[in-house]
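Novice: I'd like to ask some things about the structure below.
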Number of protein chains: 2
Amino acid sequence: MNDHPIQSLNELQTQLQKLPGIGPRSAERVAFHLLRESRDYAAQLAGAILAIKDRIIHCRTCYNLTEVDPCSICSNASRDHGEIWVVEQPKDLLALEATGLIHGVYHVLMGHIAPLEGVGPGDLTIDALLDRVRADNVREVILALNPTIEGDGTALHLQSLLAERDVRVSRPARGLAVGTQLEYATVSMLESAIRGRAPM
Amino acid sequence: MNDHPIQSLNELQTQLQKLPGIGPRSAERVAFHLLRESRDYAAQLAGAILAIKDRIIHCRTCYNLTEVDPCSICSNASRDHGEIWVVEQPKDLLALEATGLIHGVYHVLMGHIAPLEGVGPGDLTIDALLDRVRADNVREVILALNPTIEGDGTALHLQSLLAERDVRVSRPARGLAVGTQLEYATVSMLESAIRGRAPM
């Protein structure tokens with residue numbers, strides 16, 4: 001018994017600080033908030049944390065996160081299974097899906113090729129993508145990877161693998177982001193806008 | 001089965017957003033972080049959340065948060081039990097204790113008098129404080145409440161109750177906060193500094 005702060009409170013703050021965007025001050029604020037909250041809420045939060053670990057799996061077709069396999073998108077017969085949107089992460093899929101503009105299906109690579117971080121093509125779900133293209137009568141593969149060095153590199157690699165197949169390979173348009181002003185656009189944003197200019 | 005996002009992920013984000021300082025974006029970031037983290041870490045975090053609700057109680061002497069009753073401060077014979085520092089919240093106690101300058105013990109009021117919020121003197125631990133002052137041979141009570149309207153009001157109320165007893169009542173010094181500049185000080189900060197001026 002000593003004058004140090006309470007052990008279980010310390011432990012919670014330590015665990016909270018491992019989360020992204022939560023430093024010592026916000027960990028303390030969250031911990032004290034939980035102390036004042038009902039035990040019911042604490043149990044719900046704790047249960048929700050465990051539930052995502054216990055219930056969420058990867059769809060064995062597209063590698064999207066899901067509670068059922070195949071996921072609700074892959075098992076949806078009204079979607080266009082001849083059009084595969086390839087993304088790096090499940091979050092990217094959610095962002096595309098939220099537009100309501102995608103009628104096709106997805107394929108989540110689970111990352112991008114990054115030799116310096118030790119991530120090679122074999123660490124991604126590329127083989128599964130090629131199997132799908134071969135088996136599923138796919139007309140078009142859209143490489144919706146991030147417009148970054150790693151994303152572009154991965155897209156080039158996929159493009160070369162898909163070139164041998166009878167499938168159209170495309171990527172989302174690049175150019176000026178809607179809402180930006182020309183004077184603040186980066187050189188690479190301007191470059192893609194200039195090269196990709198289109199009739200009005 | 002539909003194309004909506006995953007239910008358990010939704011549920012976790014809903015629960016996370018009830019925490020202070022966590023909006024929709026940070027809830028999503030935390031949820032995806034937990035998806036990538038090990039199940040061990042998720043179990044530790046969930047366990048830590050439940051542990052504070054199950055293990056932490058209020059000390060029946062000073063109302064500080066504690067896992068043992070009486071708390072480690074109240075049961076520490078080497079502290080000066082004749083000097084009681086009265087604070088509004090357990091967090092205030094931690095802030096004072098962190099200075100290492102307090103040799104006395106504490107009393108946590110569990111709030112301040114705020115008629116507009118429906119908090120009256122009877123909702124605070126004032127009776128318990130008066131009992132301690134009566135029973136424990138207390139020499140000095142320091143009203144370390146927040147220098148706000150509610151804190152000052154509560155301090156005045158306590159002062160009037162303690163005036164009848166044979167005990168010295170004081171409060172922490174007020175004045176210019178160290179590190180501030182005169183030109184940016186508020187009128188009330190300057191007023192307390194001027195009225196409380198002391199020989200160098």
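Residues in the structure tokens are named by chain (A, B, ... in the order shown) and by number from 1 within that chain; ligands are numbered from 1 in the order shown.
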For a quick test of understanding: name the residues of chain A lying within 8 Å of chain B when counting only C-alpha atoms, and present them as a tab-separated table (two decimals) with all heavy atoms, in the first residue's frame.
Specialist:
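Contents of the output file out.tsv:
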```tsv
chain	number	residue	atom	x	y	z
A	1	MET	N	0.84	-1.20	0.00
A	1	MET	CA	0.00	0.00	0.00
A	1	MET	C	0.88	1.26	0.00
A	1	MET	O	1.73	1.43	0.86
A	1	MET	CB	-0.87	0.00	1.26
A	1	MET	CG	-2.25	0.54	1.01
A	1	MET	SD	-3.23	0.50	2.50
A	1	MET	CE	-3.49	-1.26	2.74
A	2	ASN	N	0.71	2.08	-0.99
A	2	ASN	CA	1.50	3.31	-1.01
A	2	ASN	C	0.65	4.45	-1.58
A	2	ASN	O	-0.54	4.30	-1.81
A	2	ASN	CB	2.78	3.11	-1.83
A	2	ASN	CG	2.46	2.65	-3.23
A	2	ASN	OD1	1.46	3.08	-3.80
A	2	ASN	ND2	3.27	1.78	-3.78
A	3	ASP	N	1.27	5.58	-1.83
A	3	ASP	CA	0.52	6.75	-2.27
A	3	ASP	C	0.42	6.87	-3.79
A	3	ASP	O	0.01	7.90	-4.31
A	3	ASP	CB	1.15	8.02	-1.69
A	3	ASP	CG	0.93	8.08	-0.19
A	3	ASP	OD1	0.16	7.25	0.31
A	3	ASP	OD2	1.52	8.96	0.45
A	5	PRO	N	-0.96	6.42	-7.63
A	5	PRO	CA	-2.33	6.37	-8.14
A	5	PRO	C	-2.82	4.92	-8.22
A	5	PRO	O	-2.05	3.97	-8.09
A	5	PRO	CB	-2.23	6.99	-9.53
A	5	PRO	CG	-1.02	7.84	-9.47
A	5	PRO	CD	-0.07	7.14	-8.53
A	6	ILE	N	-4.09	4.76	-8.49
A	6	ILE	CA	-4.76	3.47	-8.44
A	6	ILE	C	-4.30	2.58	-9.59
A	6	ILE	O	-4.27	2.98	-10.74
A	6	ILE	CB	-6.27	3.71	-8.53
A	6	ILE	CG1	-6.68	4.66	-7.41
A	6	ILE	CG2	-7.03	2.41	-8.47
A	6	ILE	CD1	-7.79	5.56	-7.79
A	7	GLN	N	-3.98	1.33	-9.26
A	7	GLN	CA	-3.36	0.44	-10.23
A	7	GLN	C	-4.24	0.15	-11.44
A	7	GLN	O	-3.78	0.22	-12.58
A	7	GLN	CB	-2.97	-0.86	-9.55
A	7	GLN	CG	-1.80	-1.55	-10.25
A	7	GLN	CD	-2.02	-3.04	-10.31
A	7	GLN	OE1	-2.37	-3.65	-9.31
A	7	GLN	NE2	-1.81	-3.62	-11.48
A	8	SER	N	-5.51	-0.15	-11.22
A	8	SER	CA	-6.38	-0.51	-12.35
A	8	SER	C	-6.61	0.70	-13.26
A	8	SER	O	-6.80	0.55	-14.46
A	8	SER	CB	-7.70	-1.10	-11.86
A	8	SER	OG	-8.33	-0.26	-10.93
A	9	LEU	N	-6.58	1.90	-12.68
A	9	LEU	CA	-6.74	3.12	-13.48
A	9	LEU	C	-5.48	3.34	-14.34
A	9	LEU	O	-5.56	3.67	-15.52
A	9	LEU	CB	-6.95	4.30	-12.53
A	9	LEU	CG	-7.63	5.56	-13.05
A	9	LEU	CD1	-9.00	5.25	-13.61
A	9	LEU	CD2	-7.76	6.57	-11.92
A	11	GLU	N	-3.46	0.97	-15.35
A	11	GLU	CA	-3.45	-0.08	-16.36
A	11	GLU	C	-4.33	0.33	-17.54
A	11	GLU	O	-3.92	0.19	-18.70
A	11	GLU	CB	-3.94	-1.39	-15.73
A	11	GLU	CG	-4.29	-2.50	-16.70
A	11	GLU	CD	-3.08	-3.09	-17.42
A	11	GLU	OE1	-1.95	-2.76	-17.03
A	11	GLU	OE2	-3.29	-3.85	-18.38
A	12	LEU	N	-5.53	0.85	-17.26
A	12	LEU	CA	-6.44	1.25	-18.34
A	12	LEU	C	-5.81	2.36	-19.17
A	12	LEU	O	-5.84	2.34	-20.40
A	12	LEU	CB	-7.79	1.70	-17.79
A	12	LEU	CG	-8.76	2.24	-18.83
A	12	LEU	CD1	-9.06	1.19	-19.90
A	12	LEU	CD2	-10.07	2.69	-18.18
A	15	GLN	N	-3.22	0.96	-21.49
A	15	GLN	CA	-3.80	0.26	-22.64
A	15	GLN	C	-4.40	1.26	-23.64
A	15	GLN	O	-4.27	1.08	-24.85
A	15	GLN	CB	-4.87	-0.73	-22.18
A	15	GLN	CG	-4.36	-1.84	-21.27
A	15	GLN	CD	-3.30	-2.71	-21.94
A	15	GLN	OE1	-3.19	-2.74	-23.16
A	15	GLN	NE2	-2.49	-3.37	-21.14
A	16	LEU	N	-5.05	2.29	-23.13
A	16	LEU	CA	-5.68	3.28	-24.01
A	16	LEU	C	-4.64	4.03	-24.84
A	16	LEU	O	-4.87	4.36	-25.99
A	16	LEU	CB	-6.51	4.28	-23.20
A	16	LEU	CG	-7.83	3.78	-22.62
A	16	LEU	CD1	-8.41	4.80	-21.65
A	16	LEU	CD2	-8.83	3.50	-23.73
A	19	LEU	N	-3.65	3.12	-28.40
A	19	LEU	CA	-4.54	3.39	-29.53
A	19	LEU	C	-4.07	4.63	-30.29
A	19	LEU	O	-3.46	5.52	-29.71
A	19	LEU	CB	-5.98	3.60	-29.02
A	19	LEU	CG	-6.61	2.39	-28.33
A	19	LEU	CD1	-7.94	2.77	-27.70
A	19	LEU	CD2	-6.80	1.26	-29.32
A	20	PRO	N	-4.36	4.69	-31.59
A	20	PRO	CA	-3.90	5.84	-32.38
A	20	PRO	C	-4.63	7.11	-31.97
A	20	PRO	O	-5.84	7.08	-31.74
A	20	PRO	CB	-4.28	5.45	-33.82
A	20	PRO	CG	-5.39	4.47	-33.68
A	20	PRO	CD	-5.15	3.73	-32.39
A	21	GLY	N	-3.89	8.19	-31.84
A	21	GLY	CA	-4.49	9.49	-31.54
A	21	GLY	C	-4.85	9.68	-30.08
A	21	GLY	O	-5.49	10.66	-29.72
A	26	SER	N	-5.61	12.44	-23.12
A	26	SER	CA	-6.92	11.91	-23.53
A	26	SER	C	-7.17	10.55	-22.89
A	26	SER	O	-8.32	10.22	-22.59
A	26	SER	CB	-7.08	11.86	-25.05
A	26	SER	OG	-5.86	11.79	-25.71
A	29	ARG	N	-8.60	11.38	-19.62
A	29	ARG	CA	-9.95	11.89	-19.76
A	29	ARG	C	-10.94	10.74	-20.02
A	29	ARG	O	-12.00	10.68	-19.41
A	29	ARG	CB	-10.01	12.90	-20.91
A	29	ARG	CG	-11.22	13.79	-20.89
A	29	ARG	CD	-10.92	15.17	-21.44
A	29	ARG	NE	-10.41	15.10	-22.80
A	29	ARG	CZ	-11.08	15.58	-23.86
A	29	ARG	NH1	-12.25	16.13	-23.71
A	29	ARG	NH2	-10.54	15.52	-25.06
A	30	VAL	N	-10.55	9.83	-20.90
A	30	VAL	CA	-11.42	8.69	-21.21
A	30	VAL	C	-11.59	7.80	-19.97
A	30	VAL	O	-12.70	7.37	-19.65
A	30	VAL	CB	-10.85	7.88	-22.40
A	30	VAL	CG1	-11.55	6.53	-22.52
A	30	VAL	CG2	-11.00	8.66	-23.69
A	33	HIS	N	-13.86	9.41	-17.50
A	33	HIS	CA	-15.21	9.37	-18.06
A	33	HIS	C	-15.83	7.99	-17.81
A	33	HIS	O	-16.99	7.88	-17.40
A	33	HIS	CB	-15.16	9.68	-19.56
A	33	HIS	CG	-16.49	9.59	-20.25
A	33	HIS	ND1	-17.35	10.65	-20.32
A	33	HIS	CD2	-17.11	8.56	-20.86
A	33	HIS	CE1	-18.45	10.28	-20.95
A	33	HIS	NE2	-18.32	9.02	-21.31
A	34	LEU	N	-15.04	6.94	-18.05
A	34	LEU	CA	-15.55	5.57	-17.84
A	34	LEU	C	-15.86	5.32	-16.37
A	34	LEU	O	-16.81	4.61	-16.04
A	34	LEU	CB	-14.53	4.55	-18.36
A	34	LEU	CG	-14.49	4.41	-19.88
A	34	LEU	CD1	-13.29	3.61	-20.31
A	34	LEU	CD2	-15.77	3.72	-20.37
A	35	LEU	N	-15.08	5.92	-15.48
A	35	LEU	CA	-15.35	5.76	-14.05
A	35	LEU	C	-16.72	6.32	-13.68
A	35	LEU	O	-17.43	5.77	-12.85
A	35	LEU	CB	-14.28	6.49	-13.23
A	35	LEU	CG	-13.06	5.68	-12.85
A	35	LEU	CD1	-12.10	6.56	-12.08
A	35	LEU	CD2	-13.46	4.48	-12.01
A	39	ARG	N	-21.81	0.91	-15.34
A	39	ARG	CA	-21.11	-0.33	-15.63
A	39	ARG	C	-21.65	-0.96	-16.91
A	39	ARG	O	-20.93	-1.61	-17.65
A	39	ARG	CB	-21.23	-1.33	-14.47
A	39	ARG	CG	-20.18	-2.43	-14.58
A	39	ARG	CD	-20.31	-3.53	-13.60
A	39	ARG	NE	-19.22	-4.48	-13.83
A	39	ARG	CZ	-19.17	-5.31	-14.86
A	39	ARG	NH1	-20.13	-5.30	-15.75
A	39	ARG	NH2	-18.13	-6.13	-15.01
A	42	ALA	N	-19.76	0.41	-19.82
A	42	ALA	CA	-18.41	-0.15	-19.85
A	42	ALA	C	-18.45	-1.58	-20.39
A	42	ALA	O	-17.58	-1.97	-21.19
A	42	ALA	CB	-17.80	-0.11	-18.45
A	43	ALA	N	-19.46	-2.33	-19.99
A	43	ALA	CA	-19.59	-3.71	-20.46
A	43	ALA	C	-19.89	-3.75	-21.96
A	43	ALA	O	-19.37	-4.60	-22.69
A	43	ALA	CB	-20.68	-4.43	-19.67
A	44	GLN	N	-20.71	-2.82	-22.42
A	44	GLN	CA	-21.03	-2.75	-23.85
A	44	GLN	C	-19.78	-2.42	-24.67
A	44	GLN	O	-19.53	-3.03	-25.72
A	44	GLN	CB	-22.07	-1.66	-24.12
A	44	GLN	CG	-23.51	-2.14	-23.99
A	44	GLN	CD	-24.49	-0.98	-24.00
A	44	GLN	OE1	-24.19	0.08	-24.53
A	44	GLN	NE2	-25.64	-1.19	-23.41
A	45	LEU	N	-19.00	-1.45	-24.18
A	45	LEU	CA	-17.78	-1.06	-24.89
A	45	LEU	C	-16.79	-2.22	-24.93
A	45	LEU	O	-16.24	-2.55	-25.98
A	45	LEU	CB	-17.16	0.17	-24.22
A	45	LEU	CG	-15.84	0.67	-24.80
A	45	LEU	CD1	-15.99	1.04	-26.27
A	45	LEU	CD2	-15.32	1.86	-24.00
A	46	ALA	N	-16.58	-2.85	-23.77
A	46	ALA	CA	-15.65	-3.99	-23.69
A	46	ALA	C	-16.12	-5.12	-24.60
A	46	ALA	O	-15.32	-5.74	-25.31
A	46	ALA	CB	-15.52	-4.46	-22.24
A	47	GLY	N	-17.42	-5.36	-24.59
A	47	GLY	CA	-17.98	-6.42	-25.44
A	47	GLY	C	-17.81	-6.12	-26.92
A	47	GLY	O	-17.50	-7.00	-27.71
A	48	ALA	N	-18.01	-4.85	-27.28
A	48	ALA	CA	-17.88	-4.45	-28.68
A	48	ALA	C	-16.44	-4.62	-29.17
A	48	ALA	O	-16.19	-4.98	-30.32
A	48	ALA	CB	-18.34	-3.01	-28.86
A	49	ILE	N	-15.49	-4.35	-28.26
A	49	ILE	CA	-14.07	-4.50	-28.63
A	49	ILE	C	-13.76	-5.97	-28.91
A	49	ILE	O	-13.11	-6.31	-29.90
A	49	ILE	CB	-13.16	-3.96	-27.49
A	49	ILE	CG1	-13.24	-2.43	-27.45
A	49	ILE	CG2	-11.72	-4.43	-27.66
A	49	ILE	CD1	-12.63	-1.81	-26.23
A	50	LEU	N	-14.24	-6.85	-28.05
A	50	LEU	CA	-13.99	-8.28	-28.25
A	50	LEU	C	-14.75	-8.82	-29.45
A	50	LEU	O	-14.26	-9.69	-30.17
A	50	LEU	CB	-14.35	-9.06	-26.99
A	50	LEU	CG	-13.41	-8.80	-25.81
A	50	LEU	CD1	-13.89	-9.54	-24.58
A	50	LEU	CD2	-11.98	-9.22	-26.17
A	51	ALA	N	-15.96	-8.28	-29.67
A	51	ALA	CA	-16.81	-8.80	-30.76
A	51	ALA	C	-16.14	-8.63	-32.11
A	51	ALA	O	-16.19	-9.54	-32.95
A	51	ALA	CB	-18.17	-8.10	-30.74
A	52	ILE	N	-15.48	-7.47	-32.34
A	52	ILE	CA	-14.88	-7.31	-33.67
A	52	ILE	C	-13.75	-8.31	-33.88
A	52	ILE	O	-13.51	-8.75	-34.99
A	52	ILE	CB	-14.39	-5.88	-33.96
A	52	ILE	CG1	-13.30	-5.44	-32.99
A	52	ILE	CG2	-15.52	-4.86	-34.00
A	52	ILE	CD1	-12.49	-4.27	-33.54
A	53	LYS	N	-13.05	-8.66	-32.77
A	53	LYS	CA	-11.98	-9.65	-32.93
A	53	LYS	C	-12.56	-11.05	-33.14
A	53	LYS	O	-11.96	-11.88	-33.82
A	53	LYS	CB	-11.07	-9.67	-31.70
A	53	LYS	CG	-10.40	-8.35	-31.37
A	53	LYS	CD	-9.62	-7.78	-32.53
A	53	LYS	CE	-8.32	-8.50	-32.82
A	53	LYS	NZ	-7.56	-7.82	-33.89
A	55	ARG	N	-15.76	-11.83	-34.33
A	55	ARG	CA	-16.74	-12.02	-35.38
A	55	ARG	C	-16.26	-11.64	-36.76
A	55	ARG	O	-16.76	-12.16	-37.75
A	55	ARG	CB	-18.00	-11.19	-35.07
A	55	ARG	CG	-18.79	-11.80	-33.94
A	55	ARG	CD	-20.23	-11.34	-34.00
A	55	ARG	NE	-20.71	-11.14	-32.64
A	55	ARG	CZ	-21.43	-10.11	-32.24
A	55	ARG	NH1	-21.76	-9.17	-33.11
A	55	ARG	NH2	-21.81	-10.02	-31.00
A	56	ILE	N	-15.30	-10.70	-36.83
A	56	ILE	CA	-14.94	-10.21	-38.15
A	56	ILE	C	-13.84	-11.06	-38.77
A	56	ILE	O	-12.80	-11.32	-38.15
A	56	ILE	CB	-14.54	-8.73	-38.09
A	56	ILE	CG1	-15.76	-7.91	-37.64
A	56	ILE	CG2	-14.03	-8.25	-39.45
A	56	ILE	CD1	-15.52	-6.44	-37.55
A	65	LEU	N	-13.42	-7.16	-45.09
A	65	LEU	CA	-13.82	-7.56	-43.74
A	65	LEU	C	-15.30	-7.90	-43.75
A	65	LEU	O	-16.10	-7.22	-44.39
A	65	LEU	CB	-13.57	-6.41	-42.76
A	65	LEU	CG	-12.11	-5.98	-42.63
A	65	LEU	CD1	-12.02	-4.69	-41.84
A	65	LEU	CD2	-11.29	-7.08	-41.97
A	66	THR	N	-15.67	-8.94	-43.02
A	66	THR	CA	-17.05	-9.39	-43.03
A	66	THR	C	-17.33	-10.27	-41.83
A	66	THR	O	-16.40	-10.78	-41.19
A	66	THR	CB	-17.34	-10.18	-44.33
A	66	THR	OG1	-18.68	-10.64	-44.31
A	66	THR	CG2	-16.40	-11.38	-44.45
A	67	GLU	N	-18.62	-10.43	-41.51
A	67	GLU	CA	-19.00	-11.38	-40.47
A	67	GLU	C	-19.50	-12.68	-41.09
A	67	GLU	O	-19.70	-13.66	-40.39
A	67	GLU	CB	-20.09	-10.78	-39.56
A	67	GLU	CG	-19.57	-9.63	-38.72
A	67	GLU	CD	-20.63	-9.02	-37.82
A	67	GLU	OE1	-21.81	-9.38	-37.96
A	67	GLU	OE2	-20.26	-8.17	-37.00
A	72	SER	N	-21.21	-9.84	-48.03
A	72	SER	CA	-22.52	-9.46	-48.59
A	72	SER	C	-22.37	-8.89	-50.00
A	72	SER	O	-23.31	-8.96	-50.80
A	72	SER	CB	-23.19	-8.44	-47.68
A	72	SER	OG	-22.37	-7.31	-47.49
A	73	ILE	N	-21.20	-8.36	-50.34
A	73	ILE	CA	-21.01	-7.83	-51.69
A	73	ILE	C	-20.76	-8.99	-52.67
A	73	ILE	O	-21.38	-9.07	-53.73
A	73	ILE	CB	-19.85	-6.80	-51.73
A	73	ILE	CG1	-20.22	-5.58	-50.86
A	73	ILE	CG2	-19.53	-6.38	-53.16
A	73	ILE	CD1	-19.11	-4.56	-50.70
A	76	ASN	N	-23.86	-10.96	-53.49
A	76	ASN	CA	-24.98	-10.20	-54.04
A	76	ASN	C	-25.05	-10.40	-55.56
A	76	ASN	O	-24.22	-9.88	-56.31
A	76	ASN	CB	-24.79	-8.72	-53.70
A	76	ASN	CG	-25.99	-7.87	-54.10
A	76	ASN	OD1	-26.78	-8.28	-54.96
A	76	ASN	ND2	-26.11	-6.71	-53.48
A	94	LEU	N	-14.63	0.83	-48.26
A	94	LEU	CA	-15.74	1.54	-47.64
A	94	LEU	C	-15.92	2.92	-48.27
A	94	LEU	O	-17.04	3.38	-48.51
A	94	LEU	CB	-15.51	1.70	-46.13
A	94	LEU	CG	-15.71	0.45	-45.28
A	94	LEU	CD1	-15.48	0.78	-43.80
A	94	LEU	CD2	-17.10	-0.12	-45.46
```
Novice: Please identify all polymer residues within 9 Å of Gly151 of chain B, counting only C-alpha atoms, omitting same-chain residues fewer than 4 positions from it, and present them as an MDAnalysis selection string.
Specialist: chainID B and resid 88 111:113 144:147 155:156
Novice: With N, CA, C and O atoms kept, could you save the residues just selected as a PDB file, in the first residue's frame?
Specialist:
```pdb
ATOM      1  N   GLU B  88     -12.649  19.411  -5.220  1.00  0.00           N
ATOM      2  CA  GLU B  88     -13.944  19.084  -5.809  1.00  0.00           C
ATOM      3  C   GLU B  88     -13.975  17.651  -6.339  1.00  0.00           C
ATOM      4  O   GLU B  88     -14.941  16.921  -6.131  1.00  0.00           O
ATOM      5  N   GLY B 111     -17.843  17.260  -6.306  1.00  0.00           N
ATOM      6  CA  GLY B 111     -18.564  18.283  -7.065  1.00  0.00           C
ATOM      7  C   GLY B 111     -18.533  19.627  -6.365  1.00  0.00           C
ATOM      8  O   GLY B 111     -17.726  19.852  -5.454  1.00  0.00           O
ATOM      9  N   HIS B 112     -19.352  20.525  -6.834  1.00  0.00           N
ATOM     10  CA  HIS B 112     -19.485  21.836  -6.189  1.00  0.00           C
ATOM     11  C   HIS B 112     -20.967  22.207  -6.174  1.00  0.00           C
ATOM     12  O   HIS B 112     -21.769  21.631  -6.927  1.00  0.00           O
ATOM     13  N   ILE B 113     -21.331  23.145  -5.322  1.00  0.00           N
ATOM     14  CA  ILE B 113     -22.727  23.585  -5.262  1.00  0.00           C
ATOM     15  C   ILE B 113     -23.061  24.321  -6.551  1.00  0.00           C
ATOM     16  O   ILE B 113     -22.358  25.261  -6.951  1.00  0.00           O
ATOM     17  N   ALA B 144      -9.241  23.899  -1.314  1.00  0.00           N
ATOM     18  CA  ALA B 144      -8.560  23.943  -2.618  1.00  0.00           C
ATOM     19  C   ALA B 144      -9.558  23.696  -3.742  1.00  0.00           C
ATOM     20  O   ALA B 144      -9.367  22.813  -4.583  1.00  0.00           O
ATOM     21  N   LEU B 145     -10.634  24.486  -3.762  1.00  0.00           N
ATOM     22  CA  LEU B 145     -11.632  24.355  -4.816  1.00  0.00           C
ATOM     23  C   LEU B 145     -11.205  25.164  -6.035  1.00  0.00           C
ATOM     24  O   LEU B 145     -10.308  26.011  -5.942  1.00  0.00           O
ATOM     25  N   ASN B 146     -11.832  24.906  -7.143  1.00  0.00           N
ATOM     26  CA  ASN B 146     -11.470  25.658  -8.348  1.00  0.00           C
ATOM     27  C   ASN B 146     -11.809  27.134  -8.183  1.00  0.00           C
ATOM     28  O   ASN B 146     -12.829  27.476  -7.597  1.00  0.00           O
ATOM     29  N   PRO B 147     -10.951  28.018  -8.702  1.00  0.00           N
ATOM     30  CA  PRO B 147     -11.205  29.456  -8.615  1.00  0.00           C
ATOM     31  C   PRO B 147     -12.249  29.886  -9.644  1.00  0.00           C
ATOM     32  O   PRO B 147     -11.984  30.696 -10.528  1.00  0.00           O
ATOM     33  N   ALA B 155     -16.850  27.201  -1.519  1.00  0.00           N
ATOM     34  CA  ALA B 155     -15.854  27.511  -0.492  1.00  0.00           C
ATOM     35  C   ALA B 155     -16.455  28.426   0.575  1.00  0.00           C
ATOM     36  O   ALA B 155     -16.229  28.228   1.780  1.00  0.00           O
ATOM     37  N   LEU B 156     -17.237  29.431   0.144  1.00  0.00           N
ATOM     38  CA  LEU B 156     -17.880  30.352   1.102  1.00  0.00           C
ATOM     39  C   LEU B 156     -18.831  29.595   2.021  1.00  0.00           C
ATOM     40  O   LEU B 156     -18.865  29.833   3.235  1.00  0.00           O
TER      41      LEU B 156
END
```
Novice: In Å, rounded to a single decimal, give me how far atom CA of Ala128 of chain B is from atom CA of Arg60 of chain B.
Specialist: 9.0 Å
Novice: Name the residues in contact with Gly82 of chain A at a cut-off of 6 Å, using only C-alpha atoms, excluding same-chain residues fewer than 2 positions from it; report them as a PyMOL selection string.
Specialist: chain A and resi 80+138-139
Novice: Please dump the current selection as a tab-separated table (two decimals), in the first residue's frame; keep all heavy atoms.
Specialist:
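Done, and the output landed in result.tsv:
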```tsv
chain	number	residue	atom	x	y	z
A	80	ASP	N	-22.39	-6.42	-60.44
A	80	ASP	CA	-21.70	-6.82	-61.66
A	80	ASP	C	-20.38	-7.52	-61.31
A	80	ASP	O	-19.38	-6.88	-61.03
A	80	ASP	CB	-21.44	-5.57	-62.52
A	80	ASP	CG	-20.75	-5.93	-63.83
A	80	ASP	OD1	-20.38	-7.12	-64.02
A	80	ASP	OD2	-20.56	-5.02	-64.65
A	138	VAL	N	-14.22	-12.14	-65.95
A	138	VAL	CA	-14.10	-10.73	-65.60
A	138	VAL	C	-13.78	-9.90	-66.85
A	138	VAL	O	-12.90	-10.24	-67.63
A	138	VAL	CB	-13.00	-10.55	-64.53
A	138	VAL	CG1	-12.73	-9.08	-64.28
A	138	VAL	CG2	-13.41	-11.26	-63.25
A	139	ARG	N	-14.53	-8.81	-67.08
A	139	ARG	CA	-14.32	-7.94	-68.23
A	139	ARG	C	-13.33	-6.83	-67.94
A	139	ARG	O	-12.53	-6.43	-68.77
A	139	ARG	CB	-15.63	-7.27	-68.66
A	139	ARG	CG	-16.75	-8.17	-69.08
A	139	ARG	CD	-17.91	-7.32	-69.60
A	139	ARG	NE	-18.11	-6.11	-68.79
A	139	ARG	CZ	-18.79	-6.09	-67.63
A	139	ARG	NH1	-19.33	-7.19	-67.15
A	139	ARG	NH2	-18.92	-4.95	-66.96
```
Novice: Go ahead and compute the interatomic distance for atom CA of Gln89 of chain B and atom CA of Leu130 of chain B, in Å to one decimal.
Specialist: 17.8 Å
Novice: Check segment 39-186 of chain A with DSSP on the backbone and list each residue it calls alpha helix (DSSP H), as a PyMOL selection string.
Specialist: chain A and resi 39-55+90-98+126-135+149-162
Novice: Considering only C-alpha atoms, return as a list of chain:residue names whatever protein or nucleic-acid residues lie within 10 Å of segment 187-199 of chain B, sequence-local ones (same chain, fewer than 6 positions apart) excluded.
Specialist: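 Non-adjacent residues within range: B:Ala173, B:Arg174, B:Gly175, B:Leu176, B:Ala177.
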Novice: Hey, can you spit out that residue selection with N, CA and C atoms as an mmCIF file, in the first residue's frame?
Specialist:
```
data_model
loop_
_atom_site.group_PDB
_atom_site.id
_atom_site.type_symbol
_atom_site.label_atom_id
_atom_site.label_comp_id
_atom_site.auth_asym_id
_atom_site.auth_seq_id
_atom_site.Cartn_x
_atom_site.Cartn_y
_atom_site.Cartn_z
ATOM 1 N N ALA B 173 -3.069 30.223 -2.531
ATOM 2 C CA ALA B 173 -2.854 31.604 -2.973
ATOM 3 C C ALA B 173 -3.379 31.802 -4.387
ATOM 4 N N ARG B 174 -3.845 33.017 -4.662
ATOM 5 C CA ARG B 174 -4.240 33.382 -6.024
ATOM 6 C C ARG B 174 -3.385 34.537 -6.495
ATOM 7 N N GLY B 175 -3.238 34.669 -7.785
ATOM 8 C CA GLY B 175 -2.453 35.776 -8.319
ATOM 9 C C GLY B 175 -2.128 35.505 -9.764
ATOM 10 N N LEU B 176 -0.994 36.021 -10.197
ATOM 11 C CA LEU B 176 -0.588 35.806 -11.578
ATOM 12 C C LEU B 176 -0.126 34.360 -11.733
ATOM 13 N N ALA B 177 -0.641 33.679 -12.719
ATOM 14 C CA ALA B 177 -0.163 32.331 -12.985
ATOM 15 C C ALA B 177 1.267 32.419 -13.498
#
```
